Structures are given as C-alpha cells and as structure tokens.
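Asks: Quick one: this structure, given as structure tokens, is what I'll be asking you about.
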Amino acid sequence: MNEERCITVEGTEVWLQGQGNEVILMLHGWPDTRALWEGTVAALQDRATCARLTLPGFETGPAATRLDDMCLLLRQIVDRISPNQAVTLMLHDWGCLFGYEFALRHPERVTRVVAVDVGDHNSAALQRSWGATEKLSVMGYQVWLALAWKLGGPLGTRMTRAMARWLRCPTDPSSITCKMNYPYAMQWFGAAGGFKGALPVNLPMPLLFVYGERKPFMFHSVRWLEAVAAKTGSAVQGLPCGHWVMISRPEAFQVHVRSWLWGEP
C-alpha cells in the first residue's frame with residue numbers, strides 16, 4: 001500500500017493515499033470515521049489519489065457543524081487537494097447528505113459521485129414510500145441518537161453504543177461516542193441550523209448509486225432510483241447486504257466502482 005500522508009485544512013486532518021491524477025474525496029457517516037474506507041482505498045489507490053477525513057466533531061472539533069460551514073470546509077479541502085481539476089466524491093450515510101449538498105452548491109468542483117445507501121433523503125417521494133412501521137422505526141432510532149447527543153457524556157455514549165449494537169453496526173464499539181450523533185440532532189431538533197435548507201438531490205453530474213437490498217427500509221425512493229438509472233452516465237446497483245455495503249460486500253462494491261469509474265471488466 002502506498003504511504004499515507006496528512007495535511008490539515010482549517011483544523012481538519014485530511015489523509016491522502018494513492019497515485020494518479022484523479023482525486024477521490026471520501027466522506028463517511030454514522031458512527032464511523034475515515035477508517036470506514038480503508039479497504040476501498042486499498043482497492044482504488046493504484047488508479048487514484050484517495051482523500052479521507054473524519055467529519056468534524058465525530059472525534060474532535062465542534063459539537064456540531066452547520067450545513068453551510070460543512071460545505072465551506074469541503075470547498076476548502078477540495079481546493080487544497082485538487083486545485084486544478086474537479087474531484088470525484090465517494091459518500092456514505094450522512095456523508096451522502098453533506099456531499100450531495102456540496103456537489104449541488106459547487107458543481108464545477110465535482111466531476112462525478114459514488115454514493116452508498118442514502119439517496120433522496122429529503123424528498124416527498126421517500127416519505128410516501130415509508131409506511132407507518134417504517135416511519136416509526138426511522139424516528140425511533142434517530143430520535144434516540146439525537147437525545148443521546150443532547151444528553152452527552154457517558155450516558156449518551158452508552159445509549160449510542162447500544163443503538164449501534166441493535167443496528168448491527170460493524171464499527172468497533174470502542175470508537176463510537178455520542179459526539180457522532182449531531183447530524184441526528186440537526187435533523188430532529190434543528191441543532192446548528194438543521195437541514196431545512198438542504199437542496200433536493202438532483203445532481204447535475206454522473207452518479208453511481210450502490211445500496212444494500214437487505215434492510216427493513218430504504219433510504220431512497222423508487223422514483224429517484226429510476227431517475228438515476230435513466231440518466232446518461234449514471235447507474236444504480238443493489239447488493240445483497242445491509243447499510244454498510246463496503247464492509248459487507250467489499251469485493252462486489254469495489255468491482256462495481258472500478259467498472260463505473262474506469263470501465264474495467
């Protein structure tokens with residue numbers, strides 16, 4: 001594996017690894033860190049420079065980050081790691097929400113997007129696709145995590161780790177804390193300005209959307225999935241697994257990504 005190097009942008013560490021002119025910026029979600037992408041970096045580093053960071057506040061930094069501030073930070077990072085050309089985004093979970101917003105606000109800095117398991121998160125079509133059971137399930141686990149963030153301290157972390165176990169999260173429990181829950185507090189309590197200003201997920205650049213098929217509910221609507229599949233240059237791929245696709249089905253995920261990015265068989 002190529003040696004990893006670190007730069008700091010506005011107090012956030014960004015780790016770069018690999019070779020090639022293409023730069024892939026990877027954003028994780030809950031309750032993960034940049035470590036989520038280790039296997040993916042190993043699979044892509046021969047063709048691209050892979051850049052990873054841990055979202056502000058998940059380990060260190062502010063208690064919560066406003067959506068505007070996150071987009072500003074991502075712009076500063078992209079301008080630093082790839083000043084002369086647009087980057088590819090690779091996104092998962094809350095990283096999808098933050099990454100989509102950045103791509104929509106700064107389309108000239110993003111050439112294409114690989115998104116994993118979260119699609120049109122703020123669409124009416126997604127809300128309509130969930131029945132009463134799905135809506136209660138989503139509200140239940142998300143409000144629990146938002147409350148854990150608000151409570152904070154050891155109790156908040158115990159609540160967070162308990163929910164991670166219940167959701168069968170593959171992340172090392174010792175690395176999980178209640179600090180990672182602030183996006184849920186933004187969603188349900190309006191913390192740090194919330195997400196009401198987030199744009200509809202209608203990306204102007206090509207998108208590869210990979211999702212787990214074995215979940216009690218989806219984070220995308222069928223209408224949105226069909227629109228992505230019909231768009232020239234974009235593609236969708238379901239895999240027989242849950243939410244953490246790159247962990248549960250790493251080889252299949254990596255093959256689909258390499259094929260879409262570089263046309264490899």
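Residues in the structure tokens are numbered from 1 in each chain, the chains being A, B, ... in the order shown, and ligands are numbered from 1 in the order shown.
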Contacts of His92 (chain A) at 8 Å or less, counting only C-alpha atoms, minus same-chain residues fewer than 2 places along, as a ChimeraX atom specification?
Replies: /A:27-29,90,94-96,115-118
Asks: Which residues of region 28-58 of chain A sit at most 9 Å from region 67-85 of chain A, using only C-alpha atoms? Give each one's shortest atom pair and distance in Å (one decimal place), in chain and ascending residue order, as a tab-separated table.
Replies:
```
residue	atom	partner	partner_atom	distance
A:Ala51	CA	A:Ile81	CA	8.0
A:Leu55	CA	A:Met70	CA	8.9
A:Pro56	CA	A:Met70	CA	8.4
```
Asks: Which polymer residues have any atom within 12 Å of an atom of Pro173 (chain A), counting only C-alpha atoms, with same-chain residues fewer than 4 positions away left out, as a list in words?
Replies: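 Using only C-alpha atoms, the neighbours found are Pro31, Asp32, Thr157, Arg158, Met159, Thr160, Arg161, Ala162, Met163, Ala164, Arg165, Trp166, Arg168, Cys169, Thr177 and Cys178 of chain A.
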Asks: Can you write out the residues you just picked, keeping N, CA, C and O atoms, as a compact mmCIF listing (two decimals), in the first residue's frame?
Replies:
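The resulting part01.txt:
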```
# COMPACT_ATOMS: atom_id res chain seq x y z
N PRO A 31 -21.81 5.45 12.59
CA PRO A 31 -20.95 6.10 13.58
C PRO A 31 -19.51 5.80 13.24
O PRO A 31 -18.81 5.09 13.97
N ASP A 32 -19.07 6.29 12.13
CA ASP A 32 -17.80 5.89 11.55
C ASP A 32 -16.78 7.02 11.56
O ASP A 32 -17.06 8.14 11.99
N THR A 157 -23.05 8.21 25.43
CA THR A 157 -22.24 7.24 24.70
C THR A 157 -22.76 5.82 24.89
O THR A 157 -22.79 5.03 23.94
N ARG A 158 -23.20 5.48 26.10
CA ARG A 158 -23.79 4.15 26.31
C ARG A 158 -25.03 3.97 25.46
O ARG A 158 -25.25 2.90 24.86
N MET A 159 -25.85 4.99 25.39
CA MET A 159 -27.05 4.92 24.55
C MET A 159 -26.67 4.74 23.08
O MET A 159 -27.30 3.98 22.35
N THR A 160 -25.65 5.45 22.65
CA THR A 160 -25.21 5.37 21.25
C THR A 160 -24.67 3.99 20.92
O THR A 160 -25.01 3.41 19.87
N ARG A 161 -23.85 3.44 21.78
CA ARG A 161 -23.29 2.11 21.53
C ARG A 161 -24.38 1.04 21.56
O ARG A 161 -24.32 0.06 20.79
N ALA A 162 -25.37 1.21 22.43
CA ALA A 162 -26.47 0.26 22.47
C ALA A 162 -27.24 0.26 21.15
O ALA A 162 -27.60 -0.79 20.61
N MET A 163 -27.50 1.44 20.61
CA MET A 163 -28.18 1.52 19.32
C MET A 163 -27.33 0.96 18.20
O MET A 163 -27.85 0.29 17.29
N ALA A 164 -26.02 1.20 18.24
CA ALA A 164 -25.13 0.64 17.22
C ALA A 164 -25.18 -0.88 17.24
O ALA A 164 -25.19 -1.52 16.19
N ARG A 165 -25.24 -1.48 18.44
CA ARG A 165 -25.36 -2.94 18.53
C ARG A 165 -26.68 -3.39 17.95
O ARG A 165 -26.74 -4.38 17.20
N TRP A 166 -27.75 -2.69 18.27
CA TRP A 166 -29.07 -3.08 17.80
C TRP A 166 -29.16 -3.00 16.28
O TRP A 166 -29.82 -3.81 15.63
N ARG A 168 -26.68 -3.50 14.33
CA ARG A 168 -25.64 -4.40 13.80
C ARG A 168 -24.57 -3.62 13.04
O ARG A 168 -24.08 -4.04 11.97
N CYS A 169 -24.18 -2.52 13.63
CA CYS A 169 -23.14 -1.69 13.03
C CYS A 169 -21.79 -2.39 13.14
O CYS A 169 -21.42 -2.85 14.23
N THR A 177 -18.86 7.22 20.02
CA THR A 177 -19.28 8.09 21.11
C THR A 177 -20.52 8.87 20.70
O THR A 177 -20.87 8.94 19.51
N CYS A 178 -21.15 9.49 21.68
CA CYS A 178 -22.36 10.27 21.40
C CYS A 178 -22.06 11.52 20.57
O CYS A 178 -22.98 12.10 19.97
```
Asks: Using only C-alpha atoms, find each residue of region 34-145 of chain A with at least one atom at most 10 Å away from an atom of region 249-261 of chain A; report its shortest atom-to-atom pair and that distance in Å (one decimal), sort the rows by chain and rising residue number, and return the result as a Markdown table.
Replies:
```
| residue | atom | partner | partner_atom | distance |
| --- | --- | --- | --- | --- |
| A:Gly39 | CA | A:Pro250 | CA | 7.3 |
| A:Thr40 | CA | A:Gln254 | CA | 6.6 |
| A:Val41 | CA | A:Gln254 | CA | 9.6 |
| A:Ala42 | CA | A:Gln254 | CA | 9.8 |
| A:Ala43 | CA | A:Gln254 | CA | 6.6 |
| A:Leu44 | CA | A:Arg258 | CA | 7.4 |
| A:Arg47 | CA | A:Arg258 | CA | 9.2 |
| A:Thr88 | CA | A:Leu261 | CA | 9.3 |
| A:Met90 | CA | A:Val257 | CA | 9.8 |
| A:Arg112 | CA | A:Leu261 | CA | 8.9 |
| A:Val113 | CA | A:Leu261 | CA | 9.7 |
| A:Val114 | CA | A:Val257 | CA | 7.7 |
| A:Val116 | CA | A:Phe253 | CA | 9.6 |
```
Asks: Would you export the selected residues with N, CA, C and O atoms as a short mmCIF file (atom, residue, chain, number, x, y, z; two decimals), in the first residue's frame, please?
Replies:
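Contents of the output file out31.cif:
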```cif
data_model
loop_
_atom_site.label_atom_id
_atom_site.label_comp_id
_atom_site.auth_asym_id
_atom_site.auth_seq_id
_atom_site.Cartn_x
_atom_site.Cartn_y
_atom_site.Cartn_z
N GLY A 39 -10.49 -0.44 3.18
CA GLY A 39 -10.50 -1.46 2.13
C GLY A 39 -10.72 -0.86 0.75
O GLY A 39 -10.12 -1.30 -0.24
N THR A 40 -11.55 0.17 0.67
CA THR A 40 -11.82 0.83 -0.60
C THR A 40 -10.58 1.56 -1.11
O THR A 40 -10.26 1.51 -2.31
N VAL A 41 -9.87 2.22 -0.21
CA VAL A 41 -8.63 2.89 -0.60
C VAL A 41 -7.64 1.87 -1.15
O VAL A 41 -7.00 2.11 -2.20
N ALA A 42 -7.50 0.75 -0.48
CA ALA A 42 -6.56 -0.28 -0.95
C ALA A 42 -6.90 -0.75 -2.35
O ALA A 42 -6.01 -1.08 -3.14
N ALA A 43 -8.21 -0.78 -2.67
CA ALA A 43 -8.65 -1.26 -3.97
C ALA A 43 -8.56 -0.22 -5.08
O ALA A 43 -8.53 -0.57 -6.26
N LEU A 44 -8.50 1.06 -4.72
CA LEU A 44 -8.54 2.12 -5.73
C LEU A 44 -7.25 2.90 -5.87
O LEU A 44 -7.08 3.66 -6.83
N ARG A 47 -5.14 3.66 -9.08
CA ARG A 47 -5.64 4.48 -10.18
C ARG A 47 -5.99 5.91 -9.75
O ARG A 47 -6.27 6.75 -10.61
N THR A 88 -13.81 13.49 -7.68
CA THR A 88 -14.88 12.51 -7.53
C THR A 88 -15.22 12.41 -6.05
O THR A 88 -14.32 12.32 -5.22
N MET A 90 -16.98 10.20 -3.00
CA MET A 90 -17.46 8.88 -2.59
C MET A 90 -18.09 9.04 -1.21
O MET A 90 -17.41 9.48 -0.26
N ARG A 112 -17.96 13.70 -10.68
CA ARG A 112 -18.91 12.59 -10.56
C ARG A 112 -18.99 12.15 -9.11
O ARG A 112 -18.13 12.52 -8.30
N VAL A 113 -20.01 11.35 -8.81
CA VAL A 113 -20.28 10.97 -7.42
C VAL A 113 -20.56 9.47 -7.34
O VAL A 113 -21.32 8.92 -8.15
N VAL A 114 -19.94 8.82 -6.37
CA VAL A 114 -20.30 7.46 -5.97
C VAL A 114 -20.97 7.58 -4.60
O VAL A 114 -20.33 8.03 -3.65
N VAL A 116 -23.42 5.75 -1.51
CA VAL A 116 -23.73 4.44 -0.95
C VAL A 116 -24.90 4.55 0.03
O VAL A 116 -24.78 5.18 1.09
#
```
Asks: Quick one: everything within 10 Å of Trp130 (chain A), counting only C-alpha atoms, minus sequence neighbours fewer than 4 positions away in the same chain. Send it as a ChimeraX atom specification.
Replies: /A:125-126,134-138,217-219,221
Asks: With a distance cut-off of 12 Å and only C-alpha atoms, select the neighbouring residues of Leu151 (chain A), excluding the residue or stretch itself and same-chain residues fewer than 2 positions from it, and output the selection as a short mmCIF file (atom, residue, chain, number, x, y, z; two decimals) with C-alpha atoms, in the first residue's frame.
Replies:
```cif
data_model
loop_
_atom_site.label_atom_id
_atom_site.label_comp_id
_atom_site.auth_asym_id
_atom_site.auth_seq_id
_atom_site.Cartn_x
_atom_site.Cartn_y
_atom_site.Cartn_z
CA TRP A 144 -32.84 8.08 20.34
CA LEU A 145 -29.46 9.08 18.89
CA ALA A 146 -30.38 12.76 18.86
CA LEU A 147 -31.32 12.53 22.55
CA ALA A 148 -28.06 10.70 23.29
CA TRP A 149 -26.16 13.60 21.71
CA GLY A 153 -21.26 12.25 28.49
CA PRO A 154 -21.01 8.57 29.46
CA LEU A 155 -24.80 8.07 29.38
CA GLY A 156 -25.07 9.47 25.87
CA THR A 157 -22.24 7.24 24.70
CA ARG A 158 -23.79 4.15 26.31
CA MET A 159 -27.05 4.92 24.55
CA THR A 160 -25.21 5.37 21.25
CA THR A 177 -19.28 8.09 21.11
CA CYS A 178 -22.36 10.27 21.40
CA LYS A 179 -20.45 13.11 19.69
CA ASN A 181 -24.82 11.82 16.70
CA TYR A 182 -25.03 15.53 15.99
CA ALA A 185 -29.86 16.38 16.41
#
```
Asks: Write out as a PyMOL selection string which residues come within 8 Å of region 191-201 of chain A when counting only C-alpha atoms, dropping same-chain ones fewer than 3 positions away.
Replies: chain A and resi 64-67+100-101+104+119-123+182+185-188
Asks: In terms of the shortest atom-to-atom distance over only C-alpha atoms, which of A:Pro206, A:Gly20, A:Gly263, A:Pro240 is closest to Val110 (chain A)?
Replies: A:Pro206
Asks: Which residue, A:Pro216, A:Lys150, A:Gly238, A:Ile176, has the smallest gap to Thr133 (chain A) when you use only C-alpha atoms?
Replies: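 Smallest distance to Thr133 (chain A) is found for A:Pro216.
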Asks: Among region 39-251 of chain A, which residues carry a DSSP assignment of helix (DSSP H, G or I), reported as JSON, numbers by chain?
Replies: {"A": [39, 40, 41, 42, 43, 44, 67, 68, 69, 70, 71, 72, 73, 74, 75, 76, 77, 78, 79, 80, 81, 94, 95, 96, 97, 98, 99, 100, 101, 102, 103, 104, 105, 107, 108, 109, 124, 125, 126, 127, 128, 129, 132, 133, 134, 135, 136, 137, 138, 139, 140, 141, 142, 143, 144, 145, 146, 147, 148, 149, 150, 151, 153, 154, 155, 156, 157, 158, 159, 160, 161, 162, 163, 164, 165, 166, 173, 174, 175, 178, 179, 180, 181, 182, 183, 184, 185, 186, 187, 188, 189, 191, 192, 193, 222, 223, 224, 225, 226, 227, 228, 229, 230, 245, 246, 247, 248, 250, 251]}
Asks: Would you mind listing what lies within 7 Å of Gln237 (chain A) as a ChimeraX atom specification, with only C-alpha atoms counted and same-chain residues fewer than 6 positions away left out?
Replies: /A:209-211
